[in-house]
Structures are given as structure tokens and as C-alpha cells.
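Asker: Shown below is the structure under consideration.
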Amino acid sequence: MLGFERVVVADYQRGMQLRDGRFEHVLVPGVYTRFDPLNRVRIDLYDLNRPEITVARADQYLRSQPEALGEHVVEQRMGPFELGLVRIDGKLAGFLAPGAKALYWRESLPVEVERLDLSGDAALAPKLVRELLSVGSDLSRAVAGLFVLQEVAVGQVGLLRVDGRIEQVLQPGFYGFVRVQRQLVVEVLDLRVQSTEVSGQEILTRDKVSLRANLSASWRIVDPVQARTAVANYSDALYRELQFGLRQAIGTRTLDALLANKGELDQVVAEYAAPKLAGYGLELIGVGIKDLILPGEMKHLLNQVVEAEKQALANLIRRREETAATRSLLNTAKLMESSPALMRLKELESLEKIVDKVGNLTVVGGLDGVLKQLMPK
């Protein structure tokens, strides 16, 4: 019929009727027929499966018609130091910022708003941390902007810094904190033994010989708070102190002293660096000089020196052996001179050696004749 309009509000819907732009009342499920030839009336339908009322002027409607709208709508308003966690039908669905407000249909799915006091402790309950870790991708960005969720693994420690101050040392576990209205950062430090390489250091020895040294050190953090407050960057400080210790150990010794006792350098570097690193909250566990690399010309000269030393040692050993052999011959001669029997045995031994090398031997005048011919007076 001309001028009449039929409107159906389903069980899962609610309607808002406005006349000339002004809210009149809420339409509950049912069939409505209206006569509006001038199109002064407008009816907006809303799905109760989406509990939040997204009408731009809904709060104005609530203030102008509290009796008509109040029985169908509930208002949630956050204080200036409150953060709201909105759960719909028991599931986390969104957040309300401090000072924000939202309207929800009373007849929709159950809506619960949990209020977090931002003026108190920033730490979240473990149950809430687990809930935030399991949110879907649609809420992950909002969670990252509102909260800090951090895992501290075994062998690590966490430093909670709030508004520039270290507030707490976190042991291994899962943690969550509200970052709204505060600057909040969790820094994780590794307490396990770590190693640092100091390589390619060009250093002059006390006798002005240039060499390149490589060093390896093992260390660990023993005081996390001191490590982050005593120095701007503890890794840079560690490298610098090891470098200074290495230069002091090599620069105060001659090349010969370094080559004669290379292992002493480890102790010297450790004695220099360990007390300084302790002031940074670090423990120096061990230091080792890996390489001492000489220039090519100096290496050639050292090879010549070693070769000359070995040659001189070989000559000394050879002369010592020759002297010992001569002394032994002299002692044998003296014994043979004083003992005719020993002389006779030596003669027979010499004759035996000669006979072994002769094919035919003609003996004239007996053994004495042979000896007289071999050894004439």
C-alpha cells in the first residue's frame, strides 16, 4: 500500500528508530508496519552477534533518551589510568584505552570488561600472559602495542627497565607487562660463558720489533645490573681492556723474552684486565694468546739465527765426541804398554781381522815370523 512500509526485526537483531534524525526507541524482534509517506522515519538494524554498538552518535542518544535506550544498552567507560580488556562470550576480543568508552547491547553475547590499573604494578598475572600469547592474528598487533611479552630462557636473565630505571631482575620464565603510559623495556642478558676474539693487533716490542698478535678470551656476566649501569656497552669495554692488556704485555718485553716464554703473556693480560672487568660486572675466566706473527724479514733473520745455533751445537757435539774417542785411545795405549799380555791379545785380534780379508796365506817361520813381518821394528 502506498506510504506503508513493513519492517522485520529478527531474533538476533535490534533496531533503532529515528525520526527526523532524532532517536525515538529500540525495536525488539517482531514485524512492524509504518506509514511514512514523507520518509521522516529511519530504522537501522544491528546484529547482536556483534555486541559493540558502532553508531557514531549512540552516546548522544543515550544521554538524550536514557529511559528508552538504557534498558537495551550498557556503557563501559575507562578511567584515565585504566586499560580495559574486552571479552565476548569468554574470549578476548579487544581493548579499551584509558579514558575510552564503548556501548554494548545487553541482549547480545555476554560481554565482560576487565580493568587493569595503570597506576600500579606493570606486571601481568601469569594466566593473563598465557591468554595474550594465544591471541589470533587480528589482535596480535594491538597486543604488541599495549604489552611487553618476554621469555627469559634458562641461562639468561632479564632486566625490566621502567621509565629509564632498572626496576627488577627477571629469572627464567614467561613475563608480561603493560607498556601503556610508561616507557617499558625488557632486556635479556646471557649469563653463560662467552668468548671474545681480539685479532690483528699490530704492536711494537720493547726492542722496536713490530709483530701482530691474536688473543682469545672467555668470560661471563656475574652482575647483570652492574654490567648495564657501570658502562655504556660492556662488550666494547671488554674488548678495549683486553686490547690494552695485550699491548702492555708485549710492549714492555723484548722479542727474545716473548719467544722464550710465550705462555707468560696469558697471565700478564689476565692480571691487567680481570680487575677492570670485575668493575663492569664481568668475570674473566681465561685468556690465551693464539698467535704472534712476525714480519717476513724478521722471520727470515730468526730462521738464520736458529740455523746458526743448531750448526754450532752440532759442531760442539762432534768435537766432544772426537775428544772422548781420542781420550779412550790414549787410555788403551797406556794399558797395552804396561801389560805385555794385553799387547799380545791386541796383536792376535789385529791378525784375525787381516786373515779374514786374505784368500791364501803362506806362513814362513811360524806365527812369530808373520808378526815380525807385519810389524817390523
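Identifiers for the C-alpha cells are assigned positionally: chains receive A, B, ... in sequence, residues are indexed from 1 per chain, and ligands are indexed from 1 in the order shown.
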Just want the 6 Å neighbourhood of A:Glu283, counted on only C-alpha atoms, with same-chain residues fewer than 4 positions away dropped. Output as an MDAnalysis selection string.
Answerer: chainID A and resid 219:220 278
Asker: Could those selected residues go to a file with N, CA and C atoms, as a PDB file, in the first residue's frame?
Answerer:
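Result written to out.pdb:
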ATOM      1  N   TRP A 219      84.672 -15.391  29.066  1.00  0.00           N
ATOM      2  CA  TRP A 219      84.152 -14.547  30.141  1.00  0.00           C
ATOM      3  C   TRP A 219      82.658 -14.801  30.314  1.00  0.00           C
ATOM      4  N   ARG A 220      82.114 -14.210  31.364  1.00  0.00           N
ATOM      5  CA  ARG A 220      80.674 -14.296  31.592  1.00  0.00           C
ATOM      6  C   ARG A 220      80.219 -13.119  32.452  1.00  0.00           C
ATOM      7  N   ALA A 278      85.957  -6.758  36.431  1.00  0.00           N
ATOM      8  CA  ALA A 278      85.136  -7.006  37.622  1.00  0.00           C
ATOM      9  C   ALA A 278      84.326  -5.771  37.982  1.00  0.00           C
TER      10      ALA A 278
END
Asker: Give the strand (DSSP E) residues of stretch 254-343 of chain A, as assigned by DSSP on the backbone, as a VMD selection string.
Answerer: chain A and resid 282 to 293
Asker: Output C-alpha atoms of each residue in that selection to a file, as a short mmCIF file (atom, residue, chain, number, x, y, z; two decimals), in the first residue's frame.
Answerer:
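Output file again-v4.cif follows:
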data_model
loop_
_atom_site.label_atom_id
_atom_site.label_comp_id
_atom_site.auth_asym_id
_atom_site.auth_seq_id
_atom_site.Cartn_x
_atom_site.Cartn_y
_atom_site.Cartn_z
CA LEU A 282 82.11 -9.31 34.23
CA GLU A 283 84.28 -12.27 35.22
CA LEU A 284 87.32 -13.07 33.08
CA ILE A 285 87.65 -16.86 33.05
CA GLY A 286 90.62 -17.42 30.74
CA VAL A 287 92.93 -15.67 28.29
CA GLY A 288 95.06 -17.25 25.58
CA ILE A 289 97.49 -15.74 23.07
CA LYS A 290 96.73 -17.62 19.88
CA ASP A 291 99.40 -16.26 17.53
CA LEU A 292 102.44 -14.00 17.48
CA ILE A 293 103.09 -13.25 13.81
#
Asker: Do you have the atom CA of A:Thr254-atom CA of A:Asp207 distance handy?
Answerer: 5.3 Å
Asker: Using only C-alpha atoms for the distances, tell me which of A:Pro275, A:Gly30, A:Gly15, A:Gly173 is nearest to A:Leu48.
Answerer: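 Closest candidate: A:Gly15.
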Asker: Quick one: pull the distance between atom CA of A:Gly120 and atom CA of A:Ala227, Å, one decimal.
Answerer: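 A separation of 28.2 Å between them.
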Asker: Could you pull the residues within 12 Å of A:Arg63, counting only C-alpha atoms, minus those fewer than 5 positions along the same chain, as a PyMOL selection string?
Answerer: chain A and resi 23+57-58+68-70+73+75
Asker: Export, as a PDB file, in the first residue's frame, the selected residues with C-alpha atoms.
Answerer:
ATOM      1  CA  PHE A  23      16.334   8.800  18.338  1.00  0.00           C
ATOM      2  CA  ARG A  57      26.042   9.224  17.956  1.00  0.00           C
ATOM      3  CA  ALA A  58      24.974   6.352  20.208  1.00  0.00           C
ATOM      4  CA  ALA A  68      14.399   4.325  26.085  1.00  0.00           C
ATOM      5  CA  LEU A  69      17.942   3.226  25.292  1.00  0.00           C
ATOM      6  CA  GLY A  70      19.310   2.439  28.757  1.00  0.00           C
ATOM      7  CA  VAL A  73      22.444  -0.795  26.169  1.00  0.00           C
ATOM      8  CA  GLU A  75      28.040   1.606  28.779  1.00  0.00           C
TER       9      GLU A  75
END
Asker: Could you pull the residues within 8 Å of stretch 17-22 of chain A, counting only C-alpha atoms, minus those fewer than 2 positions along the same chain, as a list in words?
Answerer: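 Residues meeting the cut-off are Gly15, Glu24, His25, Val26, Leu27, Arg40, Val41, Arg42, Ile43 and Asp44 of chain A.
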Asker: What is the distance, in Å and to one decimal place, between atom CA of A:Leu128 and atom CA of A:Arg141?
Answerer: 16.8 Å
Asker: When DSSP works through the backbone of this structure, what residues of stretch 98-276 of chain A end up as helix (DSSP H, G or I), shown as a PyMOL selection string?
Answerer: chain A and resi 126-133+137-146+224-229+234-251+255-260+264-276
Asker: Could you write out that same residue set with C-alpha atoms as a compact mmCIF listing (two decimals), in the first residue's frame?
Answerer:
# COMPACT_ATOMS: atom_id res chain seq x y z
CA PRO A 126 50.63 -15.50 34.55
CA LYS A 127 47.15 -16.56 33.41
CA LEU A 128 46.68 -13.30 31.51
CA VAL A 129 50.17 -13.64 29.95
CA ARG A 130 49.23 -17.05 28.58
CA GLU A 131 45.96 -15.62 27.24
CA LEU A 132 47.74 -12.77 25.44
CA LEU A 133 50.28 -15.16 23.94
CA SER A 137 46.43 -12.53 14.24
CA ASP A 138 43.64 -9.94 14.35
CA LEU A 139 44.69 -8.88 17.86
CA SER A 140 48.44 -9.55 17.70
CA ARG A 141 49.30 -6.02 16.59
CA ALA A 142 47.20 -4.47 19.36
CA VAL A 143 48.79 -6.76 21.95
CA ALA A 144 52.28 -5.80 20.76
CA GLY A 145 51.44 -2.12 21.09
CA LEU A 146 49.94 -2.38 24.59
CA PRO A 224 73.72 -8.03 35.19
CA VAL A 225 72.70 -4.72 36.78
CA GLN A 226 76.30 -3.53 37.08
CA ALA A 227 77.05 -4.66 33.52
CA ARG A 228 74.26 -2.37 32.19
CA THR A 229 74.87 0.61 34.50
CA TYR A 234 80.07 -3.90 28.30
CA SER A 235 81.11 -5.76 25.13
CA ASP A 236 83.08 -2.76 23.87
CA ALA A 237 84.63 -2.26 27.32
CA LEU A 238 85.65 -5.93 27.44
CA TYR A 239 87.33 -5.72 24.02
CA ARG A 240 89.10 -2.48 24.95
CA GLU A 241 90.54 -3.79 28.24
CA LEU A 242 91.79 -6.99 26.58
CA GLN A 243 93.39 -4.91 23.85
CA PHE A 244 95.14 -2.64 26.38
CA GLY A 245 96.32 -5.64 28.39
CA LEU A 246 97.77 -7.27 25.28
CA ARG A 247 99.62 -4.10 24.29
CA GLN A 248 101.07 -3.68 27.77
CA ALA A 249 102.23 -7.32 27.92
CA ILE A 250 104.02 -7.16 24.54
CA GLY A 251 105.21 -3.55 24.60
CA LEU A 255 111.25 -10.13 21.25
CA ASP A 256 113.61 -12.70 22.75
CA ALA A 257 111.74 -12.62 26.06
CA LEU A 258 108.41 -13.07 24.26
CA LEU A 259 109.63 -16.04 22.25
CA ALA A 260 111.33 -17.61 25.28
CA GLU A 264 103.65 -15.74 30.40
CA LEU A 265 101.69 -13.30 28.23
CA ASP A 266 98.39 -15.01 29.09
CA GLN A 267 98.91 -14.38 32.79
CA VAL A 268 100.02 -10.78 32.26
CA VAL A 269 96.94 -9.92 30.16
CA ALA A 270 94.63 -11.62 32.67
CA GLU A 271 96.18 -9.80 35.64
CA TYR A 272 95.69 -6.47 33.86
CA ALA A 273 92.14 -6.99 32.53
CA ALA A 274 90.43 -9.07 35.26
CA PRO A 275 90.22 -6.34 37.97
CA LYS A 276 88.93 -3.77 35.48
Asker: Would you kindly return, as a PyMOL selection string, each protein, DNA or RNA residue with an atom no farther than 12 Å from any atom of A:Asp190, considering only C-alpha atoms and excluding same-chain residues fewer than 6 positions away?
Answerer: chain A and resi 152-159+171-172+219-224+227+282
Asker: For the residues in that selection, give me N, CA and C atoms as an mmCIF file, in the first residue's frame.
Answerer:
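Done, and the output landed in again-v4.cif:
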data_model
loop_
_atom_site.group_PDB
_atom_site.id
_atom_site.type_symbol
_atom_site.label_atom_id
_atom_site.label_comp_id
_atom_site.auth_asym_id
_atom_site.auth_seq_id
_atom_site.Cartn_x
_atom_site.Cartn_y
_atom_site.Cartn_z
ATOM 1 N N VAL A 152 62.298 -15.417 29.186
ATOM 2 C CA VAL A 152 63.682 -15.464 29.667
ATOM 3 C C VAL A 152 64.053 -16.934 29.785
ATOM 4 N N ALA A 153 64.963 -17.387 28.924
ATOM 5 C CA ALA A 153 65.320 -18.801 28.862
ATOM 6 C C ALA A 153 66.304 -19.157 29.975
ATOM 7 N N VAL A 154 66.504 -20.457 30.167
ATOM 8 C CA VAL A 154 67.492 -20.948 31.137
ATOM 9 C C VAL A 154 68.882 -20.487 30.702
ATOM 10 N N GLY A 155 69.657 -19.989 31.656
ATOM 11 C CA GLY A 155 70.971 -19.444 31.337
ATOM 12 C C GLY A 155 70.948 -17.971 30.992
ATOM 13 N N GLN A 156 69.752 -17.358 31.098
ATOM 14 C CA GLN A 156 69.617 -15.940 30.813
ATOM 15 C C GLN A 156 68.999 -15.232 32.013
ATOM 16 N N VAL A 157 69.039 -13.917 31.968
ATOM 17 C CA VAL A 157 68.391 -13.094 32.980
ATOM 18 C C VAL A 157 67.816 -11.872 32.259
ATOM 19 N N GLY A 158 66.680 -11.390 32.748
ATOM 20 C CA GLY A 158 66.048 -10.223 32.142
ATOM 21 C C GLY A 158 66.114 -9.019 33.061
ATOM 22 N N LEU A 159 66.304 -7.846 32.468
ATOM 23 C CA LEU A 159 66.303 -6.595 33.220
ATOM 24 C C LEU A 159 65.081 -5.789 32.795
ATOM 25 N N GLN A 171 64.179 -13.728 36.468
ATOM 26 C CA GLN A 171 64.757 -15.064 36.332
ATOM 27 C C GLN A 171 64.048 -15.810 35.190
ATOM 28 N N PRO A 172 64.565 -16.988 34.771
ATOM 29 C CA PRO A 172 63.955 -17.712 33.639
ATOM 30 C C PRO A 172 62.451 -17.919 33.818
ATOM 31 N N TRP A 219 84.672 -15.391 29.066
ATOM 32 C CA TRP A 219 84.152 -14.547 30.141
ATOM 33 C C TRP A 219 82.658 -14.801 30.314
ATOM 34 N N ARG A 220 82.114 -14.210 31.364
ATOM 35 C CA ARG A 220 80.674 -14.296 31.592
ATOM 36 C C ARG A 220 80.219 -13.119 32.452
ATOM 37 N N ILE A 221 78.917 -12.876 32.426
ATOM 38 C CA ILE A 221 78.324 -11.806 33.238
ATOM 39 C C ILE A 221 77.985 -12.372 34.614
ATOM 40 N N VAL A 222 78.475 -11.723 35.660
ATOM 41 C CA VAL A 222 78.167 -12.161 37.033
ATOM 42 C C VAL A 222 77.247 -11.166 37.746
ATOM 43 N N ASP A 223 77.198 -9.922 37.289
ATOM 44 C CA ASP A 223 76.307 -8.916 37.881
ATOM 45 C C ASP A 223 75.607 -8.181 36.741
ATOM 46 N N PRO A 224 74.403 -8.635 36.347
ATOM 47 C CA PRO A 224 73.725 -8.029 35.191
ATOM 48 C C PRO A 224 73.437 -6.537 35.372
ATOM 49 N N ALA A 227 76.605 -4.605 34.912
ATOM 50 C CA ALA A 227 77.048 -4.658 33.522
ATOM 51 C C ALA A 227 76.309 -3.640 32.659
ATOM 52 N N LEU A 282 81.681 -8.198 35.077
ATOM 53 C CA LEU A 282 82.105 -9.313 34.233
ATOM 54 C C LEU A 282 83.204 -10.104 34.931
#
